[in-house]
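A.B. asks: Below is one structure. I have some questions about it.
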Amino acid sequence: MLHVARGFVPPRGTREESLHQFSLFRLVRHAAPAFAALLCLASASVVHAAPQSTITPSGSTRTKSSAVTQSPLCTVEKTRSGWRARMADGRLLFDRWQPSTTAPAGAIAPSAVKVTPVLNGVSVEYVFTNSGAAPATPMDLELPTLQIISSPRIMDASFLGEATAIPTTATPWIGGVYPRDLYSPVTAMTWTGGAVGISLIYPILEYRHDVALVIRNAGSGKWQPLVALSNAKVGGHGSTALKYESSIPAGSQRTYRVEIRATTNRGWLETLEPYRQFFQRTYGSIRYARDGRNIHAVQTAVGEFQTPTNPEGWAPEAGRPDLDGYGPIASLMRYALLKSDRVILWTPTGMNSVNKERNYPFKFASRWFEPSAPPSMRNAPAVLATISLRPNQRWGLWWGHSAEVQSTWDTAAFSPVDMANTQTMNLARRELNLAVTSGARMIGLDAFTHHASPVWALHPWLSQMTSENPQVTFCTEGRNPDIMHALAPTWVDAYGWSKYQPNGQLITGRFVLADWLLPGHETWAGVMWNRTDRTDLQTQVGGSARRAEIDRLRTLGFVPVLFGD
C-alpha cells in the first residue's frame with residue numbers, strides 16, 4: 001500500500017491464523033510508494049549537438065560533443081548554470097541542476113559522474129572508486145528537483161504499480177525500499193498532461209544491498225527525488241530505512257546508473273523503459289508456465305483451536321491426526337478436489353504450541369517422522385498418497401516460515417536460508433524432498449521474503465528448487481520483487497487494511513508492473529472473505545456475489561486462492 005507520512009510509516013501488521021476467519025497471514029506493505037523510472041521514452045526525433053559532461057569530484061569538467069534529444073515530448077540540454085529539461089508544452093521540468101560530487105562525513109564521493117542526454121530524458125552514471133584499505137559507503141544520489149504543480153500522483157511499486165493521488169500539502173516524504181517492499185527499483189510521478197520516471201540500474205545480486213527511492217515535497221509544486229544507498233538521509237524513516245546498506249570493498253569500483261525520462265500524455269510506463277530493457281537483458285523472462293486455475297485452501301490447524309488437550313490446534317473437520325492419523329484430512333482434500341483442480345493443505349503438521357510466534361511451522365513435512373511426534377502421524381505420506389486425482393489435478397502443501405530453517409519442532413531458534421551453510425540447507429532440502437515424495441506438486445513458500453533472509457540468499461535457493469523440481473509449482477509469499485517473480489509465482493492479499501481502498505479491497509486493477517515487466521506471470525491472490533466489509537461476500541458462501549468477485553480477480557489476471565468457499 002502507498003504510505004505517505006511525516007517521518008515514519010506504521011509498523012508491520014501481525015499474522016492472523018483462524019480457520020473460521022480463513023486468515024492466512026497479514027501481508028505487510030509498509031514501504032512507501034515505489035518510484036518507477038522518471039522521465040519518459042517515446043516518439044523520436046533527435047538533432048542538435050550539445051555537451052556530454054563527465055564531472056570529477058574536483059569540479060573540473062571534461063566535455064565532448066554528443067547528440068542531445070529534442071522531441072515532441074521532452075528536451076534536455078546543458079546550459080551555463082547546469083542541466084535543464086523542458087517539456088513539449090513549455091513546462092520547465094528541472095533547471096540549473098548539477099550532480100553533487102561532495103560527500104558528507106562517513107561516505108565517499110563518486111570518482112566520476114557522466115551526464116548524457118538521451119531521447120526524452122537523461123542518463124546519469126555514477127562511478128564510485130574505493131581506493132582505501134577498508135570498505136566504504138558511497139554517498140546518496142541527489143537528483144534534479146522536479147517542478148510539478150498540477151495534480152501529482154505517484155506510481156506505487158510497493159504493491160501492484162497503480163498510480164495513486166497524493167495529498168501534496170501534507171506529504172513531505174514518500175519512499176520505499178527495493179527489494180524489501182518495492183517490486184522494482186523505480187518510481188514515477190504523473191500530473192495533468194505528463195509523467196516523469198526514475199529507474200535505478202544496478203546488479204543487485206552482485207552488489208547485495210538495498211536501495212531506497214524517495215521523493216520529498218520541497219513545496220511550491222517542487223519535488224526532490226533521492227536514491228539512497230545508505231541510511232545517512234533515510235535511516236530515521238520506517239518505510240525507507242535500509243537493512244543492508246551499500247558497502248564498497250577496498251580497492252573496488254561500483255557503477256550506478258539513474259535513468260530519467262519524461263512524457264506528455266503517453267503514459268507513465270513509458271518512463272520506465274530503460275529498467276525494463278535492463279531487467280530482461282539481465283534476468284530474462286518468466287521461467288515457469290502460467291496456470292490460471294483457482295486454488296482451494298484447506299487449513300487443518302489454527303491458533304483458535306489450541307487448548308491444553310489440543311495443543312497443536314487441530315480443527316474439528318481434521319480430526320485428531322496426533323491420535324487417529326490422517327484419514328479425515330485426506331477426506332477433506334478429496335472433497336476440495338471435487339470443487340477445484342488445485343488444492344493446497346495448510347498446517348499439515350499442526351501448529352506450534354510453545355513458540356507461537358514461529359507459526360506457521362517450518363517443519364511442515366519432517367515432523368511426521370520426528371521421535372517426538374505421535375506414531376499416528378507417521379502415516380501421513382502413505383495416506384495422502386491414496387488421494388486419487390483426475391487428469392491435470394494437483395495438490396500441495398504450505399511450507400511455514402520457509403526462509404527460516406529450524407532443526408527441531410516448536411523451537412524459537414532458527415537460521416536464515418543461506419546457500420553457504422551446508423547444515424542449514426540440508427535441513428531445508430529434507431523438508432522439501434519429503435513433501436515432494438509424499439505427492440505434493442505445489443509448495444507455498446510462507447514468509448519467503450527479504451525480511452526473513454536477503455533476496456541475494458533466497459534467489460539462488462529458489463532457482464535451485466525450481467530447476468531440481470520442474471514438476472512442482474512454487475509460490476513465494478508475500479509479494480516478492482521482480483527478480484524473484486521471474487523464477488516462481490508470487491502472492492498478494494485480495495483484501496486487508498487500506499485507507500486508500502473501500503471495503504478492504506486491495507486489488508482494484510491489474511498487476512501493472514508485472515504485466516509490463518514479466519508478461520505471462522502467475523500471481524496468486526489470497527481470498528479471505530472476512531477481510532472485506534461487504535456482508536454479501538462475508539456471509540453468502542458460494543453465492544453469486546462471491547462468484548462475481550472471483551471472476552473479477554481472474555479477469556484482472558490473478559489466480560484466486562479460496563478460503564472458506
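Residue names in the C-alpha cells use chain letters A, B, ... in the order shown, residue numbers from 1 in each chain, and ligand numbers from 1 in the order shown.
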In region 246-378 of chain A, what's strand (DSSP E or B) per DSSP? Answer as a PyMOL selection string?

C.D. replies: chain A and resi 248+253-263+295-299+301+307+310+314+342-346

A.B. asks: Write out as a PDB file with N, CA, C and O atoms, in the first residue's frame which residues come within 9 Å of Leu462 (chain A) when counting only C-alpha atoms, dropping same-chain ones fewer than 3 positions away.

C.D. replies:
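The result, stored in selection-v2.pdb:
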ATOM      1  N   LEU A 458      18.012 -15.790  -1.032  1.00  0.00           N
ATOM      2  CA  LEU A 458      16.816 -16.532  -1.431  1.00  0.00           C
ATOM      3  C   LEU A 458      16.798 -16.842  -2.922  1.00  0.00           C
ATOM      4  O   LEU A 458      16.309 -17.897  -3.338  1.00  0.00           O
ATOM      5  N   HIS A 459      17.304 -15.934  -3.730  1.00  0.00           N
ATOM      6  CA  HIS A 459      17.226 -16.109  -5.183  1.00  0.00           C
ATOM      7  C   HIS A 459      17.922 -17.392  -5.656  1.00  0.00           C
ATOM      8  O   HIS A 459      17.314 -18.184  -6.408  1.00  0.00           O
ATOM      9  N   MET A 465      15.606 -24.799  -6.282  1.00  0.00           N
ATOM     10  CA  MET A 465      14.392 -25.587  -6.026  1.00  0.00           C
ATOM     11  C   MET A 465      13.575 -25.767  -7.292  1.00  0.00           C
ATOM     12  O   MET A 465      13.079 -26.871  -7.586  1.00  0.00           O
ATOM     13  N   THR A 466      13.412 -24.713  -8.062  1.00  0.00           N
ATOM     14  CA  THR A 466      12.588 -24.810  -9.267  1.00  0.00           C
ATOM     15  C   THR A 466      13.258 -25.650 -10.348  1.00  0.00           C
ATOM     16  O   THR A 466      12.585 -26.407 -11.051  1.00  0.00           O
ATOM     17  N   SER A 467      14.582 -25.541 -10.482  1.00  0.00           N
ATOM     18  CA  SER A 467      15.266 -26.307 -11.521  1.00  0.00           C
ATOM     19  C   SER A 467      15.337 -27.791 -11.179  1.00  0.00           C
ATOM     20  O   SER A 467      15.259 -28.649 -12.066  1.00  0.00           O
ATOM     21  N   PHE A 474       5.994 -23.606  -7.322  1.00  0.00           N
ATOM     22  CA  PHE A 474       6.278 -22.891  -6.080  1.00  0.00           C
ATOM     23  C   PHE A 474       5.592 -21.530  -6.131  1.00  0.00           C
ATOM     24  O   PHE A 474       5.389 -20.959  -7.204  1.00  0.00           O
ATOM     25  N   MET A 484      12.550 -12.250  -8.164  1.00  0.00           N
ATOM     26  CA  MET A 484      12.007 -13.493  -7.622  1.00  0.00           C
ATOM     27  C   MET A 484      10.778 -13.940  -8.411  1.00  0.00           C
ATOM     28  O   MET A 484      10.555 -15.136  -8.628  1.00  0.00           O
ATOM     29  N   LEU A 487      11.232 -16.208 -11.290  1.00  0.00           N
ATOM     30  CA  LEU A 487      11.523 -17.615 -11.019  1.00  0.00           C
ATOM     31  C   LEU A 487      10.287 -18.413 -10.649  1.00  0.00           C
ATOM     32  O   LEU A 487      10.199 -19.614 -10.935  1.00  0.00           O
ATOM     33  N   ALA A 488       9.312 -17.778  -9.977  1.00  0.00           N
ATOM     34  CA  ALA A 488       8.146 -18.512  -9.470  1.00  0.00           C
ATOM     35  C   ALA A 488       6.992 -17.542  -9.259  1.00  0.00           C
ATOM     36  O   ALA A 488       7.204 -16.335  -9.076  1.00  0.00           O
TER      37      ALA A 488
END

A.B. asks: Write out as a PDB file with C-alpha atoms, in the first residue's frame the residues lying within 9 Å of Ala88 (chain A), counting only C-alpha atoms and excluding same-chain residues fewer than 2 positions away.

C.D. replies:
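The resulting part.pdb:
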ATOM      1  CA  SER A  71      11.460  15.665 -29.468  1.00  0.00           C
ATOM      2  CA  PRO A  72       7.795  16.485 -29.103  1.00  0.00           C
ATOM      3  CA  LEU A  73       7.929  15.213 -25.527  1.00  0.00           C
ATOM      4  CA  CYS A  74      10.940  16.498 -23.612  1.00  0.00           C
ATOM      5  CA  THR A  75      14.194  18.303 -24.348  1.00  0.00           C
ATOM      6  CA  ARG A  86      11.729  21.261 -20.750  1.00  0.00           C
ATOM      7  CA  GLY A  90       6.804  24.548 -22.487  1.00  0.00           C
ATOM      8  CA  ARG A  91       6.785  23.371 -18.854  1.00  0.00           C
ATOM      9  CA  THR A 263       6.498  12.122 -21.444  1.00  0.00           C
ATOM     10  CA  THR A 264       3.408  14.167 -22.165  1.00  0.00           C
TER      11      THR A 264
END

A.B. asks: If we count only C-alpha atoms, what is near Gly284 (chain A) at a cut-off of 9 Å, once residues fewer than 4 positions away on the same chain are taken out, given as a ChimeraX atom specification?

C.D. replies: /A:279-280,486,518

A.B. asks: Skip Glu468 (chain A) itself and residues of its chain fewer than 4 positions away, then list as a CSV table (one decimal) with all heavy atoms, in the first residue's frame all residues within 12 Å of it, counting only C-alpha atoms.

C.D. replies:
chain,number,residue,atom,x,y,z
A,429,ARG,N,16.4,-28.9,2.5
A,429,ARG,CA,16.2,-29.9,1.4
A,429,ARG,C,15.5,-31.1,1.9
A,429,ARG,O,14.6,-31.7,1.2
A,429,ARG,CB,17.6,-30.3,0.8
A,429,ARG,CG,18.3,-29.3,0.0
A,429,ARG,CD,19.5,-29.8,-0.7
A,429,ARG,NE,20.2,-28.7,-1.4
A,429,ARG,CZ,21.2,-28.0,-0.9
A,429,ARG,NH1,21.6,-28.2,0.3
A,429,ARG,NH2,21.7,-27.0,-1.7
A,432,LEU,N,11.7,-30.2,1.9
A,432,LEU,CA,11.2,-30.2,0.5
A,432,LEU,C,11.1,-31.6,-0.1
A,432,LEU,O,10.1,-31.9,-0.7
A,432,LEU,CB,12.1,-29.3,-0.3
A,432,LEU,CG,11.8,-29.2,-1.8
A,432,LEU,CD1,10.4,-28.7,-2.0
A,432,LEU,CD2,12.8,-28.3,-2.6
A,433,ASN,N,12.2,-32.4,0.1
A,433,ASN,CA,12.2,-33.7,-0.5
A,433,ASN,C,11.0,-34.6,0.1
A,433,ASN,O,10.4,-35.4,-0.7
A,433,ASN,CB,13.5,-34.4,-0.3
A,433,ASN,CG,14.6,-33.8,-1.1
A,433,ASN,OD1,14.3,-33.1,-2.1
A,433,ASN,ND2,15.9,-33.9,-0.7
A,436,VAL,N,7.7,-33.5,-1.5
A,436,VAL,CA,7.6,-33.9,-2.9
A,436,VAL,C,7.4,-35.4,-3.0
A,436,VAL,O,6.5,-35.9,-3.8
A,436,VAL,CB,8.8,-33.4,-3.7
A,436,VAL,CG1,8.8,-34.0,-5.1
A,436,VAL,CG2,8.9,-31.9,-3.8
A,461,TRP,N,18.5,-20.1,-4.0
A,461,TRP,CA,17.8,-21.2,-3.4
A,461,TRP,C,16.5,-21.5,-4.2
A,461,TRP,O,16.2,-22.6,-4.5
A,461,TRP,CB,17.6,-21.0,-1.9
A,461,TRP,CG,16.7,-22.0,-1.2
A,461,TRP,CD1,15.7,-21.7,-0.3
A,461,TRP,CD2,16.8,-23.4,-1.3
A,461,TRP,NE1,15.2,-22.9,0.2
A,461,TRP,CE2,15.9,-24.0,-0.4
A,461,TRP,CE3,17.6,-24.3,-2.0
A,461,TRP,CZ2,15.7,-25.3,-0.2
A,461,TRP,CZ3,17.5,-25.7,-1.8
A,461,TRP,CH2,16.5,-26.2,-0.9
A,462,LEU,N,15.8,-20.4,-4.5
A,462,LEU,CA,14.6,-20.6,-5.2
A,462,LEU,C,14.9,-21.1,-6.6
A,462,LEU,O,14.2,-22.0,-7.2
A,462,LEU,CB,13.8,-19.3,-5.3
A,462,LEU,CG,12.5,-19.3,-6.1
A,462,LEU,CD1,11.5,-20.3,-5.5
A,462,LEU,CD2,11.9,-17.9,-6.1
A,463,SER,N,16.0,-20.6,-7.2
A,463,SER,CA,16.4,-21.0,-8.6
A,463,SER,C,16.7,-22.5,-8.5
A,463,SER,O,16.3,-23.3,-9.5
A,463,SER,CB,17.6,-20.2,-9.0
A,463,SER,OG,18.0,-20.6,-10.3
A,464,GLN,N,17.4,-23.0,-7.5
A,464,GLN,CA,17.7,-24.4,-7.4
A,464,GLN,C,16.5,-25.3,-7.2
A,464,GLN,O,16.4,-26.3,-7.8
A,464,GLN,CB,18.7,-24.6,-6.3
A,464,GLN,CG,19.3,-26.0,-6.2
A,464,GLN,CD,20.4,-26.2,-5.2
A,464,GLN,OE1,20.2,-26.6,-4.0
A,464,GLN,NE2,21.6,-25.8,-5.6
A,472,VAL,N,7.0,-29.3,-9.9
A,472,VAL,CA,6.4,-28.6,-8.7
A,472,VAL,C,6.2,-27.1,-9.1
A,472,VAL,O,7.1,-26.5,-9.6
A,472,VAL,CB,7.3,-28.8,-7.5
A,472,VAL,CG1,6.7,-28.0,-6.3
A,472,VAL,CG2,7.4,-30.2,-7.1
A,473,THR,N,5.1,-26.6,-8.7
A,473,THR,CA,4.8,-25.2,-8.8
A,473,THR,C,5.1,-24.6,-7.4
A,473,THR,O,4.5,-25.0,-6.4
A,473,THR,CB,3.4,-24.8,-9.2
A,473,THR,OG1,3.1,-25.3,-10.5
A,473,THR,CG2,3.1,-23.3,-9.1
A,474,PHE,N,6.0,-23.6,-7.3
A,474,PHE,CA,6.3,-22.9,-6.1
A,474,PHE,C,5.6,-21.5,-6.1
A,474,PHE,O,5.4,-21.0,-7.2
A,474,PHE,CB,7.8,-22.7,-5.9
A,474,PHE,CG,8.5,-24.0,-5.7
A,474,PHE,CD1,9.0,-24.7,-6.8
A,474,PHE,CD2,8.8,-24.5,-4.4
A,474,PHE,CE1,9.7,-25.9,-6.6
A,474,PHE,CE2,9.5,-25.6,-4.2
A,474,PHE,CZ,10.0,-26.4,-5.3

A.B. asks: Identify, on the basis of only C-alpha atoms, every residue whose closest approach to Gly106 (chain A) does not exceed 10 Å; exclude the query and any residue fewer than 4 positions from it along the same chain; express the result as a ChimeraX atom specification.

C.D. replies: /A:136-139,232

A.B. asks: Calculated over only C-alpha atoms, which of the candidates A:Gly121, A:Pro519, A:Pro348, A:Gly219 has the smallest distance to Glu312 (chain A)?

C.D. replies: A:Pro348

A.B. asks: Can you tell me, as a list in words, what residues are no more than 9 Å from Arg334 (chain A) when counting only C-alpha atoms, ignoring any on the same chain fewer than 5 positions away?

C.D. replies: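 Residues meeting the cut-off are Ile329, Ile387, Ser388 and Leu389 of chain A.
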
A.B. asks: One decimal, in Å: what's the spacing between CA of Pro144 (chain A) and CA of Thr129 (chain A)?

C.D. replies: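 Here the two named atoms are 23.3 Å from each other.
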
A.B. asks: Would you work out the distance separating CA of Glu404 (chain A) from CA of Val417 (chain A), expressed in Å to one decimal?

C.D. replies: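 Between CA of Glu404 (chain A) and CA of Val417 (chain A) the gap is 5.9 Å.
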
A.B. asks: Could I get the residues of region 261-360 of chain A with an atom no further than 6 Å from an atom of region 195-201 of chain A, each paired with its nearest atom pair and that distance in Å to one decimal, using only C-alpha atoms, sorted by chain and residue number, as CSV?

C.D. replies:
residue,atom,partner,partner_atom,distance
A:Arg261,CA,A:Gly197,CA,5.5
A:Ala262,CA,A:Val196,CA,4.3
A:Thr263,CA,A:Ala195,CA,5.4
A:Trp268,CA,A:Ala195,CA,5.4
A:Thr271,CA,A:Gly197,CA,4.9
A:Tyr275,CA,A:Ser199,CA,5.8

A.B. asks: Let me make sure I understand: among A:Met425, A:Trp516, A:Val118, A:Ser230, which one has the smallest atom-to-atom distance to Leu272 (chain A) if we use only C-alpha atoms?

C.D. replies: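 Smallest distance to Leu272 (chain A) is found for A:Trp516.
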
A.B. asks: Identify, with DSSP run on backbone atoms, the residues in region 167-207 of chain A assigned to helix (DSSP H, G or I), and express the list as a ChimeraX atom specification.

C.D. replies: /A:168-170,204-207

A.B. asks: Have a look at CA of Leu506 (chain A) and CA of Thr300 (chain A) and let me know their distance in Å, one decimal.

C.D. replies: 26.5 Å
